[in-house]
$ cat protein02.cif   # mmCIF, N, CA, C and O atoms
data_structure
#
loop_
_atom_site.label_atom_id
_atom_site.label_comp_id
_atom_site.auth_asym_id
_atom_site.auth_seq_id
_atom_site.Cartn_x
_atom_site.Cartn_y
_atom_site.Cartn_z
N MET A 21 -1.22 -1.25 -68.04
CA MET A 21 0.00 -1.61 -67.35
C MET A 21 -0.17 -1.25 -65.88
O MET A 21 -0.62 -0.17 -65.53
N LYS A 22 0.22 -2.17 -65.04
CA LYS A 22 0.14 -1.97 -63.59
C LYS A 22 1.44 -1.32 -63.12
O LYS A 22 2.53 -1.80 -63.42
N ILE A 23 1.34 -0.21 -62.40
CA ILE A 23 2.51 0.53 -61.93
C ILE A 23 2.53 0.52 -60.41
O ILE A 23 1.59 0.97 -59.76
N LEU A 24 3.61 0.00 -59.84
CA LEU A 24 3.81 -0.02 -58.39
C LEU A 24 4.88 1.00 -58.05
O LEU A 24 5.99 0.95 -58.58
N THR A 25 4.56 1.92 -57.17
CA THR A 25 5.50 2.96 -56.77
C THR A 25 5.70 2.88 -55.26
O THR A 25 4.73 2.82 -54.52
N SER A 26 6.96 2.88 -54.83
CA SER A 26 7.23 2.80 -53.40
C SER A 26 8.50 3.56 -53.07
O SER A 26 9.30 3.88 -53.94
N GLY A 27 8.65 3.84 -51.79
CA GLY A 27 9.84 4.52 -51.31
C GLY A 27 10.39 3.79 -50.10
O GLY A 27 9.63 3.39 -49.22
N GLN A 28 11.68 3.60 -50.05
CA GLN A 28 12.31 2.96 -48.91
C GLN A 28 12.68 4.03 -47.90
O GLN A 28 13.52 4.88 -48.17
N GLN A 29 12.02 3.99 -46.76
CA GLN A 29 12.22 4.99 -45.71
C GLN A 29 11.96 6.40 -46.24
O GLN A 29 12.63 7.35 -45.85
N LEU A 30 10.99 6.52 -47.15
CA LEU A 30 10.73 7.78 -47.83
C LEU A 30 9.24 7.86 -48.14
O LEU A 30 8.66 6.89 -48.63
N ASP A 31 8.64 8.99 -47.86
CA ASP A 31 7.22 9.19 -48.14
C ASP A 31 7.09 9.89 -49.50
O ASP A 31 7.60 10.99 -49.68
N LEU A 32 6.41 9.24 -50.44
CA LEU A 32 6.22 9.80 -51.77
C LEU A 32 4.88 10.54 -51.81
O LEU A 32 3.87 10.02 -51.36
N GLY A 33 4.88 11.70 -52.38
CA GLY A 33 3.65 12.49 -52.46
C GLY A 33 2.79 12.08 -53.63
O GLY A 33 3.19 11.33 -54.52
N ASP A 34 1.56 12.59 -53.62
CA ASP A 34 0.62 12.28 -54.70
C ASP A 34 1.07 12.87 -56.03
O ASP A 34 0.83 12.29 -57.08
N SER A 35 1.72 14.02 -56.00
CA SER A 35 2.16 14.65 -57.25
C SER A 35 3.26 13.82 -57.92
O SER A 35 3.29 13.71 -59.14
N LEU A 36 4.15 13.22 -57.14
CA LEU A 36 5.20 12.36 -57.71
C LEU A 36 4.58 11.10 -58.30
O LEU A 36 4.96 10.68 -59.39
N ARG A 37 3.63 10.51 -57.59
CA ARG A 37 2.95 9.31 -58.12
C ARG A 37 2.21 9.63 -59.41
O ARG A 37 2.25 8.85 -60.36
N ALA A 38 1.55 10.79 -59.47
CA ALA A 38 0.84 11.18 -60.69
C ALA A 38 1.83 11.43 -61.83
O ALA A 38 1.56 11.08 -62.99
N TYR A 39 2.97 12.02 -61.51
CA TYR A 39 4.01 12.28 -62.51
C TYR A 39 4.54 10.96 -63.10
O TYR A 39 4.71 10.84 -64.31
N ILE A 40 4.74 9.98 -62.24
CA ILE A 40 5.23 8.67 -62.69
C ILE A 40 4.18 7.99 -63.56
O ILE A 40 4.49 7.44 -64.62
N GLU A 41 2.91 8.03 -63.12
CA GLU A 41 1.85 7.38 -63.88
C GLU A 41 1.56 8.08 -65.20
O GLU A 41 0.97 7.50 -66.10
N GLU A 42 2.00 9.32 -65.34
CA GLU A 42 1.85 10.05 -66.59
C GLU A 42 2.99 9.74 -67.56
O GLU A 42 2.76 9.49 -68.74
N LYS A 43 4.21 9.73 -67.07
CA LYS A 43 5.40 9.62 -67.92
C LYS A 43 5.77 8.17 -68.28
O LYS A 43 6.16 7.90 -69.41
N LEU A 44 5.68 7.27 -67.34
CA LEU A 44 6.16 5.90 -67.55
C LEU A 44 5.40 5.15 -68.64
O LEU A 44 6.03 4.58 -69.54
N PRO A 45 4.07 5.14 -68.65
CA PRO A 45 3.38 4.40 -69.72
C PRO A 45 3.67 4.96 -71.12
O PRO A 45 3.77 4.19 -72.08
N VAL A 46 3.82 6.26 -71.23
CA VAL A 46 4.10 6.86 -72.54
C VAL A 46 5.45 6.38 -73.06
O VAL A 46 5.58 5.99 -74.22
N ALA A 47 6.47 6.36 -72.20
CA ALA A 47 7.81 5.95 -72.61
C ALA A 47 7.86 4.47 -72.95
O ALA A 47 8.52 4.07 -73.90
N VAL A 48 7.16 3.63 -72.18
CA VAL A 48 7.21 2.19 -72.41
C VAL A 48 6.38 1.80 -73.62
O VAL A 48 6.83 1.02 -74.47
N GLU A 49 5.18 2.34 -73.76
CA GLU A 49 4.29 1.96 -74.86
C GLU A 49 4.77 2.49 -76.20
O GLU A 49 4.30 2.06 -77.24
N LYS A 50 5.71 3.40 -76.19
CA LYS A 50 6.29 3.89 -77.43
C LYS A 50 7.05 2.77 -78.14
O LYS A 50 7.08 2.70 -79.37
N TYR A 51 7.64 1.85 -77.36
CA TYR A 51 8.45 0.78 -77.93
C TYR A 51 7.82 -0.60 -77.77
O TYR A 51 8.03 -1.47 -78.61
N MET A 52 7.09 -0.84 -76.71
CA MET A 52 6.48 -2.15 -76.45
C MET A 52 5.01 -1.95 -76.12
O MET A 52 4.67 -1.21 -75.21
N ASP A 53 4.15 -2.64 -76.86
CA ASP A 53 2.71 -2.47 -76.68
C ASP A 53 2.15 -3.24 -75.50
O ASP A 53 1.17 -2.83 -74.89
N ASN A 54 2.76 -4.35 -75.16
CA ASN A 54 2.16 -5.28 -74.21
C ASN A 54 2.85 -5.30 -72.85
O ASN A 54 3.04 -6.36 -72.27
N ALA A 55 3.21 -4.15 -72.33
CA ALA A 55 3.85 -4.11 -71.01
C ALA A 55 2.87 -4.57 -69.94
O ALA A 55 1.70 -4.19 -69.94
N ILE A 56 3.36 -5.40 -69.04
CA ILE A 56 2.50 -6.01 -68.03
C ILE A 56 2.57 -5.24 -66.71
O ILE A 56 1.54 -4.86 -66.15
N GLU A 57 3.78 -5.00 -66.24
CA GLU A 57 3.93 -4.42 -64.91
C GLU A 57 5.20 -3.58 -64.85
O GLU A 57 6.19 -3.88 -65.50
N ALA A 58 5.13 -2.52 -64.07
CA ALA A 58 6.30 -1.67 -63.83
C ALA A 58 6.40 -1.41 -62.34
O ALA A 58 5.39 -1.28 -61.65
N GLN A 59 7.65 -1.32 -61.88
CA GLN A 59 7.88 -1.05 -60.47
C GLN A 59 8.93 0.06 -60.37
O GLN A 59 9.98 -0.01 -61.00
N VAL A 60 8.62 1.08 -59.56
CA VAL A 60 9.54 2.19 -59.34
C VAL A 60 9.78 2.31 -57.85
O VAL A 60 8.84 2.43 -57.06
N VAL A 61 11.05 2.25 -57.45
CA VAL A 61 11.42 2.29 -56.03
C VAL A 61 12.40 3.45 -55.83
O VAL A 61 13.41 3.55 -56.53
N PHE A 62 12.08 4.30 -54.87
CA PHE A 62 12.94 5.43 -54.53
C PHE A 62 13.58 5.18 -53.18
O PHE A 62 12.97 4.60 -52.28
N SER A 63 14.81 5.66 -53.03
CA SER A 63 15.47 5.63 -51.74
C SER A 63 16.37 6.85 -51.65
O SER A 63 16.69 7.48 -52.64
N ARG A 64 16.76 7.16 -50.44
CA ARG A 64 17.62 8.31 -50.22
C ARG A 64 18.94 7.84 -49.64
O ARG A 64 18.96 7.09 -48.66
N GLU A 65 20.03 8.27 -50.26
CA GLU A 65 21.37 7.91 -49.81
C GLU A 65 22.15 9.19 -49.60
O GLU A 65 22.66 9.77 -50.55
N GLY A 66 22.20 9.65 -48.36
CA GLY A 66 22.85 10.92 -48.07
C GLY A 66 22.03 12.07 -48.63
O GLY A 66 20.86 12.22 -48.31
N ALA A 67 22.64 12.87 -49.49
CA ALA A 67 21.94 14.00 -50.11
C ALA A 67 21.36 13.64 -51.47
O ALA A 67 20.73 14.46 -52.12
N MET A 68 21.55 12.39 -51.90
CA MET A 68 21.12 11.97 -53.23
C MET A 68 19.88 11.08 -53.14
O MET A 68 19.73 10.30 -52.20
N TYR A 69 19.00 11.22 -54.13
CA TYR A 69 17.86 10.33 -54.28
C TYR A 69 18.21 9.29 -55.33
O TYR A 69 18.75 9.61 -56.38
N SER A 70 17.88 8.05 -55.04
CA SER A 70 18.14 6.95 -55.95
C SER A 70 16.80 6.43 -56.45
O SER A 70 15.86 6.26 -55.69
N CYS A 71 16.73 6.16 -57.76
CA CYS A 71 15.51 5.64 -58.37
C CYS A 71 15.85 4.35 -59.11
O CYS A 71 16.79 4.30 -59.89
N HIS A 72 15.08 3.30 -58.85
CA HIS A 72 15.25 2.02 -59.53
C HIS A 72 13.93 1.71 -60.25
O HIS A 72 12.89 1.57 -59.60
N CYS A 73 13.98 1.64 -61.58
CA CYS A 73 12.81 1.32 -62.39
C CYS A 73 12.97 -0.08 -62.96
O CYS A 73 14.03 -0.42 -63.48
N SER A 74 11.92 -0.86 -62.90
CA SER A 74 11.92 -2.20 -63.44
C SER A 74 10.61 -2.39 -64.19
O SER A 74 9.54 -2.10 -63.67
N VAL A 75 10.70 -2.89 -65.44
CA VAL A 75 9.52 -3.10 -66.26
C VAL A 75 9.50 -4.54 -66.76
O VAL A 75 10.51 -5.02 -67.30
N HIS A 76 8.37 -5.21 -66.57
CA HIS A 76 8.17 -6.56 -67.09
C HIS A 76 7.30 -6.42 -68.33
O HIS A 76 6.12 -6.10 -68.24
N VAL A 77 7.91 -6.63 -69.50
CA VAL A 77 7.22 -6.40 -70.76
C VAL A 77 6.52 -7.66 -71.24
O VAL A 77 5.38 -7.61 -71.71
N GLY A 78 7.17 -8.78 -71.17
CA GLY A 78 6.57 -10.02 -71.64
C GLY A 78 7.40 -11.19 -71.16
O GLY A 78 8.28 -11.05 -70.30
N THR A 79 7.18 -12.34 -71.75
CA THR A 79 7.90 -13.54 -71.36
C THR A 79 9.39 -13.37 -71.63
O THR A 79 9.81 -13.22 -72.76
N GLY A 80 10.15 -13.35 -70.58
CA GLY A 80 11.59 -13.25 -70.71
C GLY A 80 12.12 -11.86 -70.99
O GLY A 80 13.30 -11.69 -71.24
N ILE A 81 11.27 -10.85 -70.96
CA ILE A 81 11.71 -9.49 -71.23
C ILE A 81 11.51 -8.65 -69.98
O ILE A 81 10.39 -8.24 -69.66
N ASP A 82 12.58 -8.43 -69.25
CA ASP A 82 12.58 -7.58 -68.07
C ASP A 82 13.67 -6.54 -68.24
O ASP A 82 14.82 -6.88 -68.50
N MET A 83 13.32 -5.28 -68.10
CA MET A 83 14.28 -4.20 -68.23
C MET A 83 14.39 -3.48 -66.89
O MET A 83 13.39 -3.27 -66.21
N GLN A 84 15.62 -3.07 -66.55
CA GLN A 84 15.85 -2.36 -65.30
C GLN A 84 16.79 -1.20 -65.54
O GLN A 84 17.69 -1.29 -66.38
N ALA A 85 16.57 -0.11 -64.80
CA ALA A 85 17.44 1.06 -64.90
C ALA A 85 17.52 1.73 -63.53
O ALA A 85 16.54 1.76 -62.78
N ASP A 86 18.69 2.27 -63.23
CA ASP A 86 18.93 2.98 -61.98
C ASP A 86 19.48 4.37 -62.28
O ASP A 86 20.16 4.56 -63.29
N ALA A 87 19.19 5.30 -61.39
CA ALA A 87 19.75 6.65 -61.53
C ALA A 87 19.79 7.31 -60.16
O ALA A 87 19.00 6.97 -59.27
N GLN A 88 20.70 8.27 -60.02
CA GLN A 88 20.82 9.04 -58.79
C GLN A 88 20.93 10.52 -59.14
O GLN A 88 21.56 10.88 -60.13
N ASP A 89 20.29 11.35 -58.32
CA ASP A 89 20.36 12.79 -58.50
C ASP A 89 19.98 13.45 -57.18
O ASP A 89 19.41 12.82 -56.30
N ALA A 90 20.28 14.74 -57.08
CA ALA A 90 19.93 15.49 -55.88
C ALA A 90 18.43 15.76 -55.81
O ALA A 90 17.87 15.95 -54.72
N GLU A 91 17.76 15.79 -56.94
CA GLU A 91 16.30 15.99 -57.02
C GLU A 91 15.62 14.65 -57.30
O GLU A 91 16.11 13.87 -58.13
N ILE A 92 14.50 14.40 -56.65
CA ILE A 92 13.82 13.12 -56.82
C ILE A 92 13.19 12.99 -58.20
O ILE A 92 13.22 11.93 -58.81
N TYR A 93 12.64 14.08 -58.75
CA TYR A 93 12.06 14.05 -60.09
C TYR A 93 13.14 13.82 -61.14
O TYR A 93 12.94 13.10 -62.11
N ALA A 94 14.29 14.45 -60.96
CA ALA A 94 15.39 14.30 -61.91
C ALA A 94 15.93 12.87 -61.90
O ALA A 94 16.30 12.33 -62.95
N SER A 95 15.97 12.24 -60.73
CA SER A 95 16.44 10.85 -60.67
C SER A 95 15.48 9.94 -61.43
O SER A 95 15.92 9.03 -62.14
N PHE A 96 14.16 10.18 -61.31
CA PHE A 96 13.20 9.38 -62.07
C PHE A 96 13.34 9.64 -63.56
O PHE A 96 13.30 8.69 -64.36
N ASP A 97 13.50 10.89 -63.96
CA ASP A 97 13.65 11.21 -65.38
C ASP A 97 14.87 10.53 -65.99
O ASP A 97 14.81 10.01 -67.10
N GLN A 98 15.99 10.51 -65.26
CA GLN A 98 17.20 9.87 -65.77
C GLN A 98 17.02 8.36 -65.88
O GLN A 98 17.43 7.75 -66.86
N ALA A 99 16.38 7.75 -64.89
CA ALA A 99 16.14 6.31 -64.94
C ALA A 99 15.19 5.96 -66.07
O ALA A 99 15.37 4.96 -66.78
N LEU A 100 14.18 6.80 -66.29
CA LEU A 100 13.22 6.58 -67.37
C LEU A 100 13.90 6.71 -68.73
O LEU A 100 13.61 5.94 -69.65
N GLU A 101 14.80 7.65 -68.85
CA GLU A 101 15.54 7.83 -70.10
C GLU A 101 16.40 6.59 -70.40
O GLU A 101 16.44 6.12 -71.54
N ARG A 102 17.06 6.07 -69.39
CA ARG A 102 17.88 4.86 -69.57
C ARG A 102 17.01 3.65 -69.89
O ARG A 102 17.38 2.80 -70.72
N LEU A 103 15.85 3.56 -69.27
CA LEU A 103 14.93 2.46 -69.53
C LEU A 103 14.40 2.52 -70.97
O LEU A 103 14.34 1.50 -71.66
N ALA A 104 14.05 3.71 -71.41
CA ALA A 104 13.57 3.87 -72.78
C ALA A 104 14.66 3.50 -73.79
O ALA A 104 14.37 2.90 -74.84
N LYS A 105 15.89 3.84 -73.49
CA LYS A 105 17.00 3.49 -74.37
C LYS A 105 17.17 1.98 -74.47
O LYS A 105 17.37 1.43 -75.56
N GLN A 106 17.03 1.28 -73.34
CA GLN A 106 17.11 -0.18 -73.35
C GLN A 106 15.98 -0.79 -74.16
O GLN A 106 16.18 -1.74 -74.92
N LEU A 107 14.77 -0.26 -73.99
CA LEU A 107 13.62 -0.78 -74.73
C LEU A 107 13.78 -0.54 -76.23
O LEU A 107 13.44 -1.41 -77.04
N ARG A 108 14.28 0.62 -76.59
CA ARG A 108 14.50 0.94 -78.00
C ARG A 108 15.52 -0.03 -78.62
O ARG A 108 15.30 -0.56 -79.70
N ARG A 109 16.60 -0.28 -77.92
CA ARG A 109 17.63 -1.20 -78.42
C ARG A 109 17.10 -2.62 -78.51
O ARG A 109 17.41 -3.36 -79.46
N ASP A 110 16.31 -3.05 -77.53
CA ASP A 110 15.75 -4.39 -77.55
C ASP A 110 14.77 -4.56 -78.70
O ASP A 110 14.77 -5.59 -79.37
N LYS A 111 13.96 -3.57 -78.95
CA LYS A 111 13.01 -3.65 -80.05
C LYS A 111 13.75 -3.71 -81.38
O LYS A 111 13.38 -4.47 -82.27
N ARG A 112 14.78 -2.94 -81.51
CA ARG A 112 15.59 -2.95 -82.74
C ARG A 112 16.24 -4.32 -82.94
O ARG A 112 16.31 -4.84 -84.05
N LYS A 113 16.68 -4.92 -81.85
CA LYS A 113 17.32 -6.23 -81.93
C LYS A 113 16.32 -7.33 -82.31
O LYS A 113 16.65 -8.26 -83.03
N ARG A 114 15.10 -7.22 -81.82
CA ARG A 114 14.08 -8.24 -82.08
C ARG A 114 13.41 -8.10 -83.45
O ARG A 114 12.71 -9.00 -83.88
N ARG A 115 13.60 -6.99 -84.12
CA ARG A 115 12.98 -6.77 -85.42
C ARG A 115 13.51 -7.80 -86.42
O ARG A 115 14.69 -8.08 -86.46
N ASN A 116 12.63 -8.34 -87.24
CA ASN A 116 13.01 -9.32 -88.25
C ASN A 116 13.49 -8.58 -89.49
O ASN A 116 12.70 -7.98 -90.20
N HIS A 117 14.77 -8.66 -89.76
CA HIS A 117 15.35 -7.99 -90.91
C HIS A 117 15.47 -8.91 -92.12
O HIS A 117 15.99 -8.51 -93.15
N HIS A 118 14.98 -10.12 -92.00
CA HIS A 118 15.19 -11.11 -93.04
C HIS A 118 13.91 -11.47 -93.79
O HIS A 118 13.78 -12.59 -94.25
N THR A 119 12.97 -10.56 -93.89
CA THR A 119 11.77 -10.84 -94.67
C THR A 119 12.13 -10.74 -96.14
O THR A 119 12.85 -9.85 -96.58
N ARG A 120 11.62 -11.67 -96.92
CA ARG A 120 11.92 -11.68 -98.35
C ARG A 120 10.77 -11.04 -99.11
O ARG A 120 9.61 -11.22 -98.78
N THR A 121 11.11 -10.30 -100.13
CA THR A 121 10.10 -9.70 -100.99
C THR A 121 10.28 -10.26 -102.40
O THR A 121 11.40 -10.47 -102.86
N SER A 122 9.16 -10.49 -103.07
CA SER A 122 9.24 -10.96 -104.46
C SER A 122 9.40 -9.77 -105.38
O SER A 122 9.42 -8.63 -104.96
N SER A 123 9.47 -10.03 -106.65
CA SER A 123 9.67 -8.95 -107.61
C SER A 123 8.47 -8.01 -107.69
O SER A 123 8.58 -6.88 -108.12
N THR A 124 7.28 -8.48 -107.26
CA THR A 124 6.09 -7.64 -107.27
C THR A 124 6.00 -6.78 -106.01
O THR A 124 5.12 -5.95 -105.91
N GLY A 125 6.88 -7.00 -105.06
CA GLY A 125 6.89 -6.19 -103.85
C GLY A 125 6.10 -6.79 -102.71
O GLY A 125 6.00 -6.22 -101.66
N GLU A 126 5.50 -7.98 -102.91
CA GLU A 126 4.73 -8.63 -101.86
C GLU A 126 5.67 -9.47 -101.01
O GLU A 126 6.67 -10.01 -101.48
N VAL A 127 5.31 -9.61 -99.75
CA VAL A 127 6.11 -10.42 -98.85
C VAL A 127 5.80 -11.87 -99.12
O VAL A 127 4.63 -12.28 -99.16
N ALA A 128 6.82 -12.68 -99.34
CA ALA A 128 6.63 -14.10 -99.65
C ALA A 128 6.54 -14.93 -98.40
O ALA A 128 7.10 -14.67 -97.41
#
$ encode --input "protein02.cif" --output "structure tokens"
Amino acid sequence: MKILTSGQQLDLGDSLRAYIEEKLPVAVEKYMDNAIEAQVVFSREGAMYSCHCSVHVGTGIDMQADAQDAEIYASFDQALERLAKQLRRDKRKRRNHHTRTSSTGEVA
């Protein structure tokens, strides 16, 4: 998965980029195997840091989450948590619940 990290009028350190590259793939690949691209954008609004995460999983599947916090790491964690929740719900919705089984237990 390709991860793009940027900051609007904000310089992101190497430790934050490493933290994002460590946490984001684990959270996304837990629910979707074929994630293509992720984009994380940070900005500062007054005393708060804003984080916008966007993940392109496949054809027609784009998930986005926003969060704000006084700490930049906490804003990313909150956005990642919301993104994971969206992915979990989408995977549950896409699951095929209508598979038929025969009396022998094999899928027909």
$ select_by_dssp --input "protein02.cif" --residues "chain A" --states "helix (DSSP H, G or I)" --output "number ranges by chain"
A: 34-49, 92-114
$ resolve_selection --input "protein02.cif" --expression "the PyMOL selection byres (((chain A and resi 63 and name CA) around 7) and name CA)" --output "JSON, numbers by chain"
{"A": [27, 28, 29, 30, 61, 62, 64, 65, 69, 70, 71]}
$ resolve_selection --input "protein02.cif" --expression "the PyMOL selection byres ((chain A and resi 89) around 5)" --output "PDB file with N, CA, C and O atoms, keeping the file's coordinate frame"
ATOM      1  N   ALA A  67      22.640  12.870 -49.490  1.00  0.00           N
ATOM      2  CA  ALA A  67      21.940  14.000 -50.110  1.00  0.00           C
ATOM      3  C   ALA A  67      21.360  13.640 -51.470  1.00  0.00           C
ATOM      4  O   ALA A  67      20.730  14.460 -52.120  1.00  0.00           O
ATOM      5  N   MET A  68      21.550  12.390 -51.900  1.00  0.00           N
ATOM      6  CA  MET A  68      21.120  11.970 -53.230  1.00  0.00           C
ATOM      7  C   MET A  68      19.880  11.080 -53.140  1.00  0.00           C
ATOM      8  O   MET A  68      19.730  10.300 -52.200  1.00  0.00           O
ATOM      9  N   TYR A  69      19.000  11.220 -54.130  1.00  0.00           N
ATOM     10  CA  TYR A  69      17.860  10.330 -54.280  1.00  0.00           C
ATOM     11  C   TYR A  69      18.210   9.290 -55.330  1.00  0.00           C
ATOM     12  O   TYR A  69      18.750   9.610 -56.380  1.00  0.00           O
ATOM     13  N   ALA A  87      19.190   5.300 -61.390  1.00  0.00           N
ATOM     14  CA  ALA A  87      19.750   6.650 -61.530  1.00  0.00           C
ATOM     15  C   ALA A  87      19.790   7.310 -60.160  1.00  0.00           C
ATOM     16  O   ALA A  87      19.000   6.970 -59.270  1.00  0.00           O
ATOM     17  N   GLN A  88      20.700   8.270 -60.020  1.00  0.00           N
ATOM     18  CA  GLN A  88      20.820   9.040 -58.790  1.00  0.00           C
ATOM     19  C   GLN A  88      20.930  10.520 -59.140  1.00  0.00           C
ATOM     20  O   GLN A  88      21.560  10.880 -60.130  1.00  0.00           O
ATOM     21  N   ALA A  90      20.280  14.740 -57.080  1.00  0.00           N
ATOM     22  CA  ALA A  90      19.930  15.490 -55.880  1.00  0.00           C
ATOM     23  C   ALA A  90      18.430  15.760 -55.810  1.00  0.00           C
ATOM     24  O   ALA A  90      17.870  15.950 -54.720  1.00  0.00           O
ATOM     25  N   GLU A  91      17.760  15.790 -56.940  1.00  0.00           N
ATOM     26  CA  GLU A  91      16.300  15.990 -57.020  1.00  0.00           C
ATOM     27  C   GLU A  91      15.620  14.650 -57.300  1.00  0.00           C
ATOM     28  O   GLU A  91      16.110  13.870 -58.130  1.00  0.00           O
ATOM     29  N   SER A  95      15.970  12.240 -60.730  1.00  0.00           N
ATOM     30  CA  SER A  95      16.440  10.850 -60.670  1.00  0.00           C
ATOM     31  C   SER A  95      15.480   9.940 -61.430  1.00  0.00           C
ATOM     32  O   SER A  95      15.920   9.030 -62.140  1.00  0.00           O
TER      33      SER A  95
END
$ resolve_selection --input "protein02.cif" --expression "the PyMOL selection byres ((chain A and resi 60) around 5)" --output "list of chain:residue names"
A:Leu24, A:Thr25, A:Ser26, A:Ala58, A:Gln59, A:Val61, A:Phe62, A:His72, A:Cys73
$ select_by_dssp --input "protein02.cif" --residues "chain A" --states "strand (DSSP E or B)" --output "VMD selection string"
chain A and resid 22 to 28 57 to 65 68 to 78 81 to 89 121 127
$ atom_distance --input "protein02.cif" --atom1 "atom CA of A:Tyr93" --atom2 "atom CA of A:Ala55"
22.7 Å
$ atom_distance --input "protein02.cif" --atom1 "atom CA of A:Asp86" --atom2 "atom CA of A:Arg114"
23.5 Å
$ atom_distance --input "protein02.cif" --atom1 "atom CA of A:Ala104" --atom2 "atom N of A:Val77"
12.4 Å
$ residues_around --input "protein02.cif" --residues "stretch 78-84 of chain A" --least-positions-apart "6" --cutoff "9 Å" --atoms "only C-alpha atoms" --output "PyMOL selection string"
chain A and resi 54-56+72+99+102-103+106-107
$ closest_residue --input "protein02.cif" --among "A:Tyr51, A:Ala38, A:Lys43, A:Met21" --to "A:Asp110" --atoms "all atoms listed in the file"
A:Tyr51
$ build_atoms --input "protein02.cif" --residues "stretch 89-95 of chain A" --atoms "all heavy atoms" --output "CSV table (one decimal), keeping the file's coordinate frame"
chain,number,residue,atom,x,y,z
A,89,ASP,N,20.3,11.4,-58.3
A,89,ASP,CA,20.4,12.8,-58.5
A,89,ASP,C,20.0,13.4,-57.2
A,89,ASP,O,19.4,12.8,-56.3
A,89,ASP,CB,19.4,13.2,-59.6
A,89,ASP,CG,19.8,14.6,-60.2
A,89,ASP,OD1,19.5,15.6,-59.5
A,89,ASP,OD2,20.4,14.7,-61.2
A,90,ALA,N,20.3,14.7,-57.1
A,90,ALA,CA,19.9,15.5,-55.9
A,90,ALA,C,18.4,15.8,-55.8
A,90,ALA,O,17.9,16.0,-54.7
A,90,ALA,CB,20.7,16.8,-55.8
A,91,GLU,N,17.8,15.8,-56.9
A,91,GLU,CA,16.3,16.0,-57.0
A,91,GLU,C,15.6,14.6,-57.3
A,91,GLU,O,16.1,13.9,-58.1
A,91,GLU,CB,16.0,17.0,-58.2
A,91,GLU,CG,16.5,18.3,-58.0
A,91,GLU,CD,15.7,19.1,-56.9
A,91,GLU,OE1,14.5,18.9,-56.8
A,91,GLU,OE2,16.4,20.0,-56.2
A,92,ILE,N,14.5,14.4,-56.6
A,92,ILE,CA,13.8,13.1,-56.8
A,92,ILE,C,13.2,13.0,-58.2
A,92,ILE,O,13.2,11.9,-58.8
A,92,ILE,CB,12.8,12.9,-55.7
A,92,ILE,CG1,12.4,11.4,-55.6
A,92,ILE,CG2,11.6,13.8,-55.8
A,92,ILE,CD1,11.7,11.1,-54.4
A,93,TYR,N,12.6,14.1,-58.8
A,93,TYR,CA,12.1,14.0,-60.1
A,93,TYR,C,13.1,13.8,-61.1
A,93,TYR,O,12.9,13.1,-62.1
A,93,TYR,CB,11.3,15.3,-60.4
A,93,TYR,CG,10.0,15.5,-59.7
A,93,TYR,CD1,9.9,16.0,-58.4
A,93,TYR,CD2,8.8,15.0,-60.3
A,93,TYR,CE1,8.7,16.1,-57.8
A,93,TYR,CE2,7.6,15.1,-59.7
A,93,TYR,CZ,7.5,15.7,-58.4
A,93,TYR,OH,6.3,15.7,-57.7
A,94,ALA,N,14.3,14.4,-61.0
A,94,ALA,CA,15.4,14.3,-61.9
A,94,ALA,C,15.9,12.9,-61.9
A,94,ALA,O,16.3,12.3,-63.0
A,94,ALA,CB,16.5,15.3,-61.6
A,95,SER,N,16.0,12.2,-60.7
A,95,SER,CA,16.4,10.8,-60.7
A,95,SER,C,15.5,9.9,-61.4
A,95,SER,O,15.9,9.0,-62.1
A,95,SER,CB,16.6,10.4,-59.2
A,95,SER,OG,15.4,10.3,-58.6
